[in-house]
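Next up, input00.pdb (PDB, C-alpha atoms):
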ATOM      1  CA  MET H   1      11.131 -13.381  16.152
ATOM      2  CA  ILE H   2       9.879  -9.972  17.304
ATOM      3  CA  ILE H   3      11.779  -7.655  14.979
ATOM      4  CA  PRO H   4      10.592  -8.570  11.440
ATOM      5  CA  ILE H   5       7.946  -6.122  10.280
ATOM      6  CA  GLY H   6       4.553  -7.731  10.530
ATOM      7  CA  ALA H   7       1.071  -6.428  11.192
ATOM      8  CA  GLN H   8       1.846  -5.679  14.835
ATOM      9  CA  ASN H   9       5.115  -3.857  14.167
ATOM     10  CA  ALA H  10       3.584  -1.931  11.252
ATOM     11  CA  TYR H  11       0.807  -0.735  13.556
ATOM     12  CA  VAL H  12       3.297   0.351  16.241
ATOM     13  CA  LEU H  13       5.360   2.115  13.560
ATOM     14  CA  ASN H  14       2.320   3.944  12.162
ATOM     15  CA  GLN H  15       1.136   5.045  15.602
ATOM     16  CA  GLY H  16       4.649   6.308  16.317
ATOM     17  CA  ILE H  17       4.769   8.253  13.050
ATOM     18  CA  LYS H  18       1.402   9.815  13.879
ATOM     19  CA  ARG H  19       2.489  10.347  17.511
ATOM     20  CA  ASN H  20      -0.946   9.033  18.365
ATOM     21  CA  HIS H  21      -0.947   7.187  21.702
ATOM     22  CA  HIS H  22       2.224   5.454  20.514
ATOM     23  CA  LEU H  23       3.457   4.666  24.016
ATOM     24  CA  THR H  24       0.070   3.146  24.880
ATOM     25  CA  THR H  25       0.394   1.011  21.755
ATOM     26  CA  ALA H  26       3.931  -0.089  22.692
ATOM     27  CA  THR H  27       2.810  -0.883  26.244
ATOM     28  CA  LEU H  28      -0.139  -2.990  25.093
ATOM     29  CA  CYS H  29       1.873  -4.890  22.471
ATOM     30  CA  SER H  30       4.688  -5.560  24.968
ATOM     31  CA  THR H  31       2.239  -6.713  27.642
ATOM     32  CA  LEU H  32       0.496  -9.106  25.259
ATOM     33  CA  ASP H  33       3.848 -10.418  24.017
ATOM     34  CA  ILE H  34       4.862 -11.081  27.620
ATOM     35  CA  LEU H  35       1.627 -13.000  28.155
ATOM     36  CA  PHE H  36       2.066 -15.072  24.975
ATOM     37  CA  ILE H  37       5.761 -15.738  25.654
ATOM     38  CA  SER H  38       4.851 -16.926  29.159
ATOM     39  CA  LEU H  39       2.151 -19.209  27.775
ATOM     40  CA  GLY H  40       4.519 -20.636  25.183
ATOM     41  CA  VAL H  41       7.602 -21.131  27.329
ATOM     42  CA  PHE H  42       5.687 -22.554  30.273
ATOM     43  CA  GLY H  43       3.588 -25.133  28.409
ATOM     44  CA  GLY H  44       1.180 -23.566  25.908
ATOM     45  CA  GLY H  45       3.479 -24.046  22.915
ATOM     46  CA  ALA H  46       3.527 -27.814  23.347
ATOM     47  CA  LEU H  47      -0.261 -27.867  23.707
ATOM     48  CA  LEU H  48      -0.856 -25.784  20.568
ATOM     49  CA  SER H  49       1.667 -27.685  18.451
ATOM     50  CA  ARG H  50       0.049 -31.024  19.436
ATOM     51  CA  ASN H  51      -3.470 -29.889  18.483
ATOM     52  CA  GLU H  52      -3.419 -30.088  14.684
ATOM     53  CA  ALA H  53      -6.962 -28.755  14.210
ATOM     54  CA  LEU H  54      -6.286 -25.684  16.362
ATOM     55  CA  LEU H  55      -2.947 -25.053  14.666
ATOM     56  CA  THR H  56      -4.646 -25.310  11.245
ATOM     57  CA  LEU H  57      -7.366 -22.901  12.357
ATOM     58  CA  VAL H  58      -4.764 -20.422  13.633
ATOM     59  CA  THR H  59      -2.851 -20.724  10.351
ATOM     60  CA  LEU H  60      -5.961 -20.170   8.200
ATOM     61  CA  GLY H  61      -6.866 -17.164  10.315
ATOM     62  CA  GLY H  62      -3.340 -15.864   9.853
ATOM     63  CA  ILE H  63      -3.528 -16.194   6.087
ATOM     64  CA  ALA H  64      -6.827 -14.284   5.965
ATOM     65  CA  PHE H  65      -5.754 -11.617   8.461
ATOM     66  CA  LEU H  66      -2.366 -10.936   6.875
ATOM     67  CA  SER H  67      -3.828 -10.851   3.356
ATOM     68  CA  TYR H  68      -6.453  -8.326   4.427
ATOM     69  CA  TYR H  69      -3.873  -6.187   6.255
ATOM     70  CA  GLY H  70      -1.680  -6.273   3.139
ATOM     71  CA  TYR H  71      -4.640  -5.194   1.029
ATOM     72  CA  LEU H  72      -5.329  -2.262   3.390
ATOM     73  CA  SER H  73      -1.666  -1.207   3.201
ATOM     74  CA  LEU H  74      -1.704  -1.292  -0.605
ATOM     75  CA  LYS H  75      -4.975   0.612  -0.667
ATOM     76  CA  SER H  76      -3.443   3.242   1.625
ATOM     77  CA  ALA H  77      -0.308   3.469  -0.546
ATOM     78  CA  PHE H  78      -2.230   4.092  -3.744
ATOM     79  CA  SER H  79      -5.089   6.231  -2.471
ATOM     80  CA  THR H  80      -5.021   9.569  -4.246
ATOM     81  CA  SER H  81      -8.133  11.217  -2.959
ATOM     82  CA  ASP H  82      -7.537  14.068  -0.493
ATOM     83  CA  ASP H  83     -10.377  12.723   1.632
ATOM     84  CA  GLU H  84      -8.750   9.288   1.813
ATOM     85  CA  LEU H  85      -5.354  10.776   2.632
ATOM     86  CA  GLU H  86      -6.907  12.936   5.337
ATOM     87  CA  LEU H  87      -8.834   9.953   6.720
ATOM     88  CA  ASN H  88      -5.703   7.764   6.773
ATOM     89  CA  SER H  89      -3.672  10.399   8.585
ATOM     90  CA  SER H  90      -6.368  11.353  11.074
ATOM     91  CA  VAL H  91      -5.645  11.003  14.769
ATOM     92  CA  LYS H  92      -7.614   8.302  16.543
ATOM     93  CA  GLY H  93      -8.767   8.389  20.127
ATOM     94  CA  ARG H  94      -7.114   6.220  22.780
ATOM     95  CA  LYS H  95      -9.928   3.635  22.668
ATOM     96  CA  ALA H  96      -9.625   3.219  18.874
ATOM     97  CA  VAL H  97      -5.835   2.905  19.145
ATOM     98  CA  ILE H  98      -6.157   0.255  21.876
ATOM     99  CA  LEU H  99      -8.714  -1.688  19.834
ATOM    100  CA  GLY H 100      -6.403  -1.500  16.805
ATOM    101  CA  ALA H 101      -3.439  -2.759  18.831
ATOM    102  CA  LEU H 102      -5.561  -5.592  20.220
ATOM    103  CA  ALA H 103      -6.687  -6.520  16.697
ATOM    104  CA  VAL H 104      -3.179  -6.652  15.193
ATOM    105  CA  THR H 105      -2.017  -8.716  18.158
ATOM    106  CA  VAL H 106      -4.852 -10.995  19.265
ATOM    107  CA  LEU H 107      -6.328 -11.549  15.783
ATOM    108  CA  ASN H 108      -2.914 -12.098  14.218
ATOM    109  CA  PRO H 109      -2.114 -15.818  14.293
ATOM    110  CA  HIS H 110       1.471 -15.069  13.284
ATOM    111  CA  VAL H 111       1.949 -13.670  16.805
ATOM    112  CA  TYR H 112       0.785 -16.984  18.286
ATOM    113  CA  LEU H 113       3.027 -18.995  15.991
ATOM    114  CA  ASP H 114       6.082 -16.871  16.859
ATOM    115  CA  THR H 115       5.591 -16.427  20.593
ATOM    116  CA  ILE H 116       3.704 -19.511  21.715
ATOM    117  CA  VAL H 117       4.799 -22.185  19.249
ATOM    118  CA  VAL H 118       8.349 -21.208  18.226
ATOM    119  CA  LEU H 119       9.571 -19.477  21.395
ATOM    120  CA  GLY H 120       7.617 -22.020  23.457
ATOM    121  CA  SER H 121       9.386 -24.872  21.684
ATOM    122  CA  ILE H 122      12.795 -23.311  22.224
ATOM    123  CA  GLY H 123      12.128 -22.326  25.844
ATOM    124  CA  GLY H 124      10.606 -25.710  26.609
ATOM    125  CA  GLN H 125      13.993 -27.322  25.983
ATOM    126  CA  PHE H 126      15.524 -25.580  29.003
ATOM    127  CA  GLU H 127      15.313 -26.677  32.617
ATOM    128  CA  HIS H 128      13.938 -24.593  35.511
ATOM    129  CA  ASP H 129      16.237 -21.548  35.980
ATOM    130  CA  ASP H 130      17.412 -21.533  32.370
ATOM    131  CA  ARG H 131      13.795 -21.581  31.168
ATOM    132  CA  ILE H 132      12.991 -18.583  33.369
ATOM    133  CA  ALA H 133      16.097 -16.765  32.121
ATOM    134  CA  PHE H 134      15.116 -17.486  28.491
ATOM    135  CA  ALA H 135      11.571 -16.223  29.098
ATOM    136  CA  LEU H 136      12.808 -13.056  30.828
ATOM    137  CA  GLY H 137      15.322 -12.402  28.043
ATOM    138  CA  THR H 138      12.698 -12.663  25.323
ATOM    139  CA  MET H 139      10.305 -10.489  27.336
ATOM    140  CA  ILE H 140      12.943  -7.782  27.802
ATOM    141  CA  ALA H 141      13.743  -7.946  24.069
ATOM    142  CA  SER H 142      10.043  -7.473  23.286
ATOM    143  CA  ILE H 143       9.737  -4.445  25.576
ATOM    144  CA  ALA H 144      12.915  -2.884  24.185
ATOM    145  CA  TRP H 145      11.804  -3.487  20.599
ATOM    146  CA  PHE H 146       8.272  -2.100  20.846
ATOM    147  CA  PHE H 147       9.259   0.991  22.819
ATOM    148  CA  GLY H 148      12.331   1.540  20.635
ATOM    149  CA  LEU H 149      10.251   1.266  17.460
ATOM    150  CA  SER H 150       7.522   3.534  18.813
ATOM    151  CA  ILE H 151       9.847   6.241  20.136
ATOM    152  CA  THR H 152      12.131   6.167  17.082
ATOM    153  CA  ALA H 153       9.131   6.451  14.738
ATOM    154  CA  ALA H 154       7.799   9.408  16.747
ATOM    155  CA  LYS H 155      11.180  11.171  16.633
ATOM    156  CA  ALA H 156      11.581  10.472  12.897
ATOM    157  CA  ALA H 157       7.956  11.390  12.133
ATOM    158  CA  PRO H 158       8.803  14.535  10.111
ATOM    159  CA  THR H 159      10.713  12.375   7.628
ATOM    160  CA  LEU H 160       8.588   9.223   7.844
ATOM    161  CA  SER H 161       5.309  11.089   7.362
ATOM    162  CA  LYS H 162       6.294  12.582   3.989
ATOM    163  CA  PRO H 163       3.867  11.258   1.336
ATOM    164  CA  SER H 164       6.553   9.472  -0.699
ATOM    165  CA  VAL H 165       8.087   7.822   2.386
ATOM    166  CA  LYS H 166       4.650   6.890   3.748
ATOM    167  CA  LYS H 167       3.743   5.352   0.381
ATOM    168  CA  ALA H 168       6.985   3.350   0.337
ATOM    169  CA  ILE H 169       6.385   2.132   3.908
ATOM    170  CA  ASP H 170       2.818   1.083   3.016
ATOM    171  CA  ILE H 171       4.035  -0.816  -0.062
ATOM    172  CA  ILE H 172       6.797  -2.556   1.910
ATOM    173  CA  VAL H 173       4.347  -3.490   4.674
ATOM    174  CA  ALA H 174       1.881  -4.853   2.087
ATOM    175  CA  LEU H 175       4.569  -6.946   0.398
ATOM    176  CA  ILE H 176       5.712  -8.331   3.754
ATOM    177  CA  MET H 177       2.121  -9.177   4.762
ATOM    178  CA  PHE H 178       1.541 -10.972   1.443
ATOM    179  CA  ALA H 179       4.874 -12.834   1.747
ATOM    180  CA  ILE H 180       4.104 -14.028   5.278
ATOM    181  CA  SER H 181       0.586 -15.016   4.219
ATOM    182  CA  ALA H 182       1.975 -16.971   1.251
ATOM    183  CA  SER H 183       4.525 -18.646   3.523
ATOM    184  CA  LEU H 184       1.783 -19.742   5.930
ATOM    185  CA  ALA H 185      -0.311 -21.012   3.006
ATOM    186  CA  LYS H 186       2.665 -22.968   1.639
ATOM    187  CA  GLU H 187       3.326 -24.542   5.065
ATOM    188  CA  LEU H 188      -0.328 -25.508   5.370
ATOM    189  CA  TRP H 189      -0.381 -26.902   1.823
ATOM    190  CA  LEU H 190       2.751 -29.002   2.458
ATOM    191  CA  GLN H 191       1.297 -30.249   5.740
ATOM    192  CA  TYR H 192      -1.718 -31.731   3.996
ATOM    193  CA  MET H 193       0.022 -32.955   0.813
TER     194      MET H 193
END

Just give me the structure of the file as structure tokens.
Amino acid sequence: MIIPIGAQNAYVLNQGIKRNHHLTTATLCSTLDILFISLGVFGGGALLSRNEALLTLVTLGGIAFLSYYGYLSLKSAFSTSDDELELNSSVKGRKAVILGALAVTVLNPHVYLDTIVVLGSIGGQFEHDDRIAFALGTMIASIAWFFGLSITAAKAAPTLSKPSVKKAIDIIVALIMFAISASLAKELWLQYM
């Protein structure tokens, strides 16, 4: 659930490539994942999945957010102006990086669907100690993934920051964002048909 490239992982990857507060980004994303996994496994998933209006609102928000993020990735991939390239590669301060990480996590309904609804539904099937073990396992996987992605991107930055590679990454991220958005839209459409 954590590994597929989405808005959150793309942001962690980009911060790693830029070596711009990438460990802060990984820490924040891991911490928020731990919070959402806890909410899902220990009761929030059942609550969200039973509230159809809230689930619909989260899904609509996800469609809009992911479509916009995909648009920004495509725009970045095909920008040719030196000013735009310089702006896109500029280093942001810690506060801007934290706000960006919060946006791609808290404003991304796909995170809620994965951690609270799906993992919550799976974890909710286990009894006491097994539920705790499941929650801890998913939390450890989240920490390992975000720090692994961030550190690997920072170490591979000389290769990953080449214009052609960066363009390919942006295009792939855009296509993934559009595919996830379309998938959410299809699920919503089928729900109301």

| task | Write out as number ranges by chain each polymer residue whose atoms come within 12 Å of H:Val117, counting only C-alpha atoms; drop sequence neighbours fewer than 2 positions from it. | result | H: 1, 36-51, 54-55, 58-59, 109-115, 119-124

| request: Might you spell out which residues the PyMOL selection byres ((chain H and resi 158-161) around 12) would select in the displayed file, as a PyMOL selection string? | output: chain H and resi 13-19+85+88-89+152-157+162-170

| Atom pair atom CA of H:Ser181 / atom CA of H:Arg94: separation (Å) |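 These two atoms are separated by 29.2 Å.
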
| message | Just the number, please: distance in Å from atom CA of H:Phe126 to atom CA of H:Leu28, one decimal. | response | 27.8 Å

Please return the centre and edge lengths, in Å to one decimal, of a box with edges along x, y and z that contains all listed atoms of stretch 103-118 of chain H, widened by 6 Å on every side, as JSON.
{"center_x": 0.8, "center_y": -14.4, "center_z": 17.5, "size_x": 27.0, "size_y": 27.7, "size_z": 20.4}

| request: Have a look at atom CA of H:Lys95 and atom CA of H:Cys29 and let me know their distance in Å, one decimal. | output: 14.6 Å

| task | Pick out the residues sitting within 12 Å of H:Met177, and hand them over as a count of residues only; count all atoms listed in the file, and ignore anything fewer than 5 positions along from it in its own chain. | result | 29

Give as a short mmCIF file (atom, residue, chain, number, x, y, z; two decimals) with C-alpha atoms, in the frame of the given file every residue, naming chains and numbers as the document does, that has an atom within 12 Å of (-2.3, -35.5, 7.2), counting only C-alpha atoms.
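Saved file selection.cif follows:
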data_model
loop_
_atom_site.label_atom_id
_atom_site.label_comp_id
_atom_site.auth_asym_id
_atom_site.auth_seq_id
_atom_site.Cartn_x
_atom_site.Cartn_y
_atom_site.Cartn_z
CA GLU H 52 -3.42 -30.09 14.68
CA ALA H 53 -6.96 -28.76 14.21
CA THR H 56 -4.65 -25.31 11.24
CA LEU H 188 -0.33 -25.51 5.37
CA TRP H 189 -0.38 -26.90 1.82
CA LEU H 190 2.75 -29.00 2.46
CA GLN H 191 1.30 -30.25 5.74
CA TYR H 192 -1.72 -31.73 4.00
CA MET H 193 0.02 -32.96 0.81
#

| field | Best match for closeness to H:Leu23 among H:Ile151, H:Leu35, H:Val173, H:Leu99, counting only C-alpha atoms | value | H:Ile151
